[in-house]
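Content type mmCIF, C-alpha atoms, pLDDT in the B column; chains and numbers go by the auth columns, from the file input06.cif:
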data_input
#
loop_
_atom_site.group_PDB
_atom_site.id
_atom_site.type_symbol
_atom_site.label_atom_id
_atom_site.label_comp_id
_atom_site.label_asym_id
_atom_site.label_seq_id
_atom_site.Cartn_x
_atom_site.Cartn_y
_atom_site.Cartn_z
_atom_site.B_iso_or_equiv
_atom_site.auth_seq_id
_atom_site.auth_asym_id
ATOM 1 C CA MET A 1 33.107 -32.258 9.819 56.00 300 A
ATOM 2 C CA LYS A 2 34.335 -29.273 7.885 57.00 301 A
ATOM 3 C CA ARG A 3 32.756 -30.535 4.686 57.00 302 A
ATOM 4 C CA LYS A 4 29.347 -30.859 6.306 56.00 303 A
ATOM 5 C CA ASN A 5 29.508 -27.275 7.549 55.00 304 A
ATOM 6 C CA LEU A 6 30.499 -26.036 4.105 52.00 305 A
ATOM 7 C CA LYS A 7 27.638 -27.889 2.493 52.00 306 A
ATOM 8 C CA ARG A 8 25.156 -26.386 4.922 53.00 307 A
ATOM 9 C CA LYS A 9 26.409 -22.861 4.294 53.00 308 A
ATOM 10 C CA SER A 10 26.268 -23.252 0.525 53.00 309 A
ATOM 11 C CA SER A 11 22.762 -24.717 0.709 52.00 310 A
ATOM 12 C CA GLN A 12 21.666 -21.804 2.908 54.00 311 A
ATOM 13 C CA ASN A 13 23.108 -19.300 0.429 54.00 312 A
ATOM 14 C CA SER A 14 21.297 -20.944 -2.464 52.00 313 A
ATOM 15 C CA PHE A 15 18.106 -20.921 -0.399 50.00 314 A
ATOM 16 C CA LEU A 16 18.471 -17.185 0.164 52.00 315 A
ATOM 17 C CA LYS A 17 18.822 -16.643 -3.570 55.00 316 A
ATOM 18 C CA LEU A 18 15.666 -18.627 -4.267 53.00 317 A
ATOM 19 C CA SER A 19 13.751 -17.139 -1.358 55.00 318 A
ATOM 20 C CA VAL A 20 10.296 -15.724 -1.966 58.00 319 A
ATOM 21 C CA PHE A 21 11.096 -12.716 0.192 60.00 320 A
ATOM 22 C CA GLN A 22 12.828 -9.998 -1.793 58.00 321 A
ATOM 23 C CA ASN A 23 15.677 -7.765 -0.659 60.00 322 A
ATOM 24 C CA GLN A 24 15.000 -4.140 0.266 58.00 323 A
ATOM 25 C CA LYS A 25 16.237 -2.862 -3.097 61.00 324 A
ATOM 26 C CA HIS A 26 13.555 -4.839 -4.962 56.00 325 A
ATOM 27 C CA LYS A 27 10.546 -3.447 -3.125 60.00 326 A
ATOM 28 C CA PHE A 28 8.608 -0.859 -5.060 65.00 327 A
ATOM 29 C CA LYS A 29 6.245 1.098 -2.848 71.00 328 A
ATOM 30 C CA LYS A 30 4.351 3.951 -4.438 79.00 329 A
ATOM 31 C CA LYS A 31 4.203 7.207 -2.556 88.00 330 A
ATOM 32 C CA CYS A 32 0.897 8.473 -1.298 91.00 331 A
ATOM 33 C CA PRO A 33 -0.692 10.686 -3.980 92.00 332 A
ATOM 34 C CA LEU A 34 -2.508 12.743 -1.336 92.00 333 A
ATOM 35 C CA SER A 35 0.582 13.482 0.793 90.00 334 A
ATOM 36 C CA VAL A 36 2.680 14.926 -2.027 89.00 335 A
ATOM 37 C CA LYS A 37 3.299 18.646 -2.265 91.00 336 A
ATOM 38 C CA GLY A 38 0.481 20.377 -4.118 92.00 337 A
ATOM 39 C CA ALA A 39 -1.953 17.492 -3.631 92.00 338 A
ATOM 40 C CA PRO A 40 -5.664 18.273 -3.358 92.00 339 A
ATOM 41 C CA GLU A 41 -7.134 18.522 0.111 93.00 340 A
ATOM 42 C CA VAL A 42 -9.365 15.645 1.224 94.00 341 A
ATOM 43 C CA ASP A 43 -12.820 17.095 1.863 94.00 342 A
ATOM 44 C CA TYR A 44 -16.365 15.781 1.597 95.00 343 A
ATOM 45 C CA LYS A 45 -17.212 18.602 -0.833 95.00 344 A
ATOM 46 C CA ASN A 46 -14.488 17.569 -3.295 94.00 345 A
ATOM 47 C CA ILE A 47 -16.586 14.984 -5.133 95.00 346 A
ATOM 48 C CA LYS A 48 -14.238 14.651 -8.098 94.00 347 A
ATOM 49 C CA LEU A 49 -11.453 13.455 -5.805 94.00 348 A
ATOM 50 C CA LEU A 50 -13.694 11.152 -3.777 95.00 349 A
ATOM 51 C CA LYS A 51 -15.049 9.374 -6.858 94.00 350 A
ATOM 52 C CA ARG A 52 -11.497 8.297 -7.709 94.00 351 A
ATOM 53 C CA TYR A 53 -11.328 6.252 -4.498 94.00 352 A
ATOM 54 C CA VAL A 54 -14.765 4.639 -4.755 95.00 353 A
ATOM 55 C CA SER A 55 -15.389 1.523 -6.869 94.00 354 A
ATOM 56 C CA GLU A 56 -18.194 1.184 -9.420 93.00 355 A
ATOM 57 C CA ASN A 57 -20.254 -0.646 -6.799 94.00 356 A
ATOM 58 C CA GLY A 58 -19.867 2.260 -4.358 92.00 357 A
ATOM 59 C CA LYS A 59 -17.325 0.605 -2.071 95.00 358 A
ATOM 60 C CA ILE A 60 -14.265 2.445 -0.750 95.00 359 A
ATOM 61 C CA LEU A 61 -11.065 1.163 -2.351 94.00 360 A
ATOM 62 C CA PRO A 62 -8.502 -0.279 0.090 94.00 361 A
ATOM 63 C CA SER A 63 -5.199 1.516 0.586 91.00 362 A
ATOM 64 C CA ARG A 64 -3.181 -1.382 -0.853 90.00 363 A
ATOM 65 C CA ILE A 65 -4.863 -0.769 -4.212 91.00 364 A
ATOM 66 C CA SER A 66 -5.035 3.024 -4.152 91.00 365 A
ATOM 67 C CA SER A 67 -1.558 3.374 -2.520 91.00 366 A
ATOM 68 C CA VAL A 68 -2.831 5.989 -0.072 93.00 367 A
ATOM 69 C CA SER A 69 -1.174 6.353 3.336 93.00 368 A
ATOM 70 C CA GLN A 70 -2.996 5.144 6.435 94.00 369 A
ATOM 71 C CA LYS A 71 -3.673 8.636 7.738 94.00 370 A
ATOM 72 C CA LYS A 72 -5.086 9.857 4.429 95.00 371 A
ATOM 73 C CA GLN A 73 -7.105 6.628 4.024 95.00 372 A
ATOM 74 C CA ARG A 74 -8.903 7.379 7.290 96.00 373 A
ATOM 75 C CA GLU A 75 -9.630 10.943 6.136 95.00 374 A
ATOM 76 C CA LEU A 76 -10.840 9.644 2.775 96.00 375 A
ATOM 77 C CA SER A 77 -13.203 7.089 4.270 96.00 376 A
ATOM 78 C CA LEU A 78 -14.647 9.659 6.664 97.00 377 A
ATOM 79 C CA SER A 79 -15.216 12.230 3.919 96.00 378 A
ATOM 80 C CA ILE A 80 -16.721 9.599 1.568 96.00 379 A
ATOM 81 C CA LYS A 81 -19.157 8.565 4.284 96.00 380 A
ATOM 82 C CA ARG A 82 -20.098 12.199 4.924 96.00 381 A
ATOM 83 C CA ALA A 83 -20.667 12.783 1.207 96.00 382 A
ATOM 84 C CA ARG A 84 -22.881 9.694 1.086 95.00 383 A
ATOM 85 C CA ASN A 85 -24.993 10.980 3.990 96.00 384 A
ATOM 86 C CA LEU A 86 -25.476 14.295 2.242 95.00 385 A
ATOM 87 C CA ALA A 87 -26.291 12.465 -1.046 93.00 386 A
ATOM 88 C CA LEU A 88 -23.381 14.088 -2.881 91.00 387 A
ATOM 89 C CA ILE A 89 -22.150 10.693 -4.086 85.00 388 A
#

Hey, can you dump this file as structure tokens for me?
Amino acid sequence: MKRKNLKRKSSQNSFLKLSVFQNQKHKFKKKCPLSVKGAPEVDYKNIKLLKRYVSENGKILPSRISSVSQKKQRELSLSIKRARNLALI
């Protein structure tokens, strides 16, 4: 019986090593470029900033690509839509 338990534990340990899910120390999450100190303010009049977060086709880039926080992503999308309505973009 003891041998079976040891084999199970060793197989579980090897499974954890080969696991697809990484440990916390291997995750690399970029910080939000709009939440950093000295970052430009998100506004519909700031066209230079808004163009950075719009694709060539005119679609708003998702936050997983642009690494923007959820709060700032909402502000960005709202200001991009306002700029579109006013024909600034």

The PyMOL selection byres ((chain A and resi 330) around 12) on the file shown: which residues, as a PyMOL selection string? chain A and resi 327-329+331-336+362-363+365-369+371

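One distance worth recording is that between CA of Glu355 (chain A) and CA of Leu385 (chain A), which is 19.0 Å.
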
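The neighbours of Arg383 (chain A) here are the residues that come within 10 Å of it, using only C-alpha atoms and leaving out any residue fewer than 5 positions away in the same chain; they are Tyr343, Gly357, Leu377, Ser378 and Ile388 of chain A.
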
Generate a file of the selected residues that holds C-alpha atoms, formatted as a PDB file, keeping the file's coordinate frame.
ATOM      1  CA  TYR A 343     -16.365  15.781   1.597  1.00 95.00           C
ATOM      2  CA  GLY A 357     -19.867   2.260  -4.358  1.00 92.00           C
ATOM      3  CA  LEU A 377     -14.647   9.659   6.664  1.00 97.00           C
ATOM      4  CA  SER A 378     -15.216  12.230   3.919  1.00 96.00           C
ATOM      5  CA  ILE A 388     -22.150  10.693  -4.086  1.00 85.00           C
TER       6      ILE A 388
END

One decimal, in Å: what's the spacing between CA of Asn356 (chain A) and CA of Ala338 (chain A)? 26.0 Å

Enumerate, as a PyMOL selection string, the residues matched when the PyMOL selection byres ((chain A and resi 359) around 10) is run on the file above. chain A and resi 349-358+360-362+365+372+375-376+379-380

Give me a file of those residues, with C-alpha atoms, as a PDB file, in the coordinates of the input.
ATOM      1  CA  LEU A 349     -13.694  11.152  -3.777  1.00 95.00           C
ATOM      2  CA  LYS A 350     -15.049   9.374  -6.858  1.00 94.00           C
ATOM      3  CA  ARG A 351     -11.497   8.297  -7.709  1.00 94.00           C
ATOM      4  CA  TYR A 352     -11.328   6.252  -4.498  1.00 94.00           C
ATOM      5  CA  VAL A 353     -14.765   4.639  -4.755  1.00 95.00           C
ATOM      6  CA  SER A 354     -15.389   1.523  -6.869  1.00 94.00           C
ATOM      7  CA  GLU A 355     -18.194   1.184  -9.420  1.00 93.00           C
ATOM      8  CA  ASN A 356     -20.254  -0.646  -6.799  1.00 94.00           C
ATOM      9  CA  GLY A 357     -19.867   2.260  -4.358  1.00 92.00           C
ATOM     10  CA  LYS A 358     -17.325   0.605  -2.071  1.00 95.00           C
ATOM     11  CA  LEU A 360     -11.065   1.163  -2.351  1.00 94.00           C
ATOM     12  CA  PRO A 361      -8.502  -0.279   0.090  1.00 94.00           C
ATOM     13  CA  SER A 362      -5.199   1.516   0.586  1.00 91.00           C
ATOM     14  CA  SER A 365      -5.035   3.024  -4.152  1.00 91.00           C
ATOM     15  CA  GLN A 372      -7.105   6.628   4.024  1.00 95.00           C
ATOM     16  CA  LEU A 375     -10.840   9.644   2.775  1.00 96.00           C
ATOM     17  CA  SER A 376     -13.203   7.089   4.270  1.00 96.00           C
ATOM     18  CA  ILE A 379     -16.721   9.599   1.568  1.00 96.00           C
ATOM     19  CA  LYS A 380     -19.157   8.565   4.284  1.00 96.00           C
TER      20      LYS A 380
END
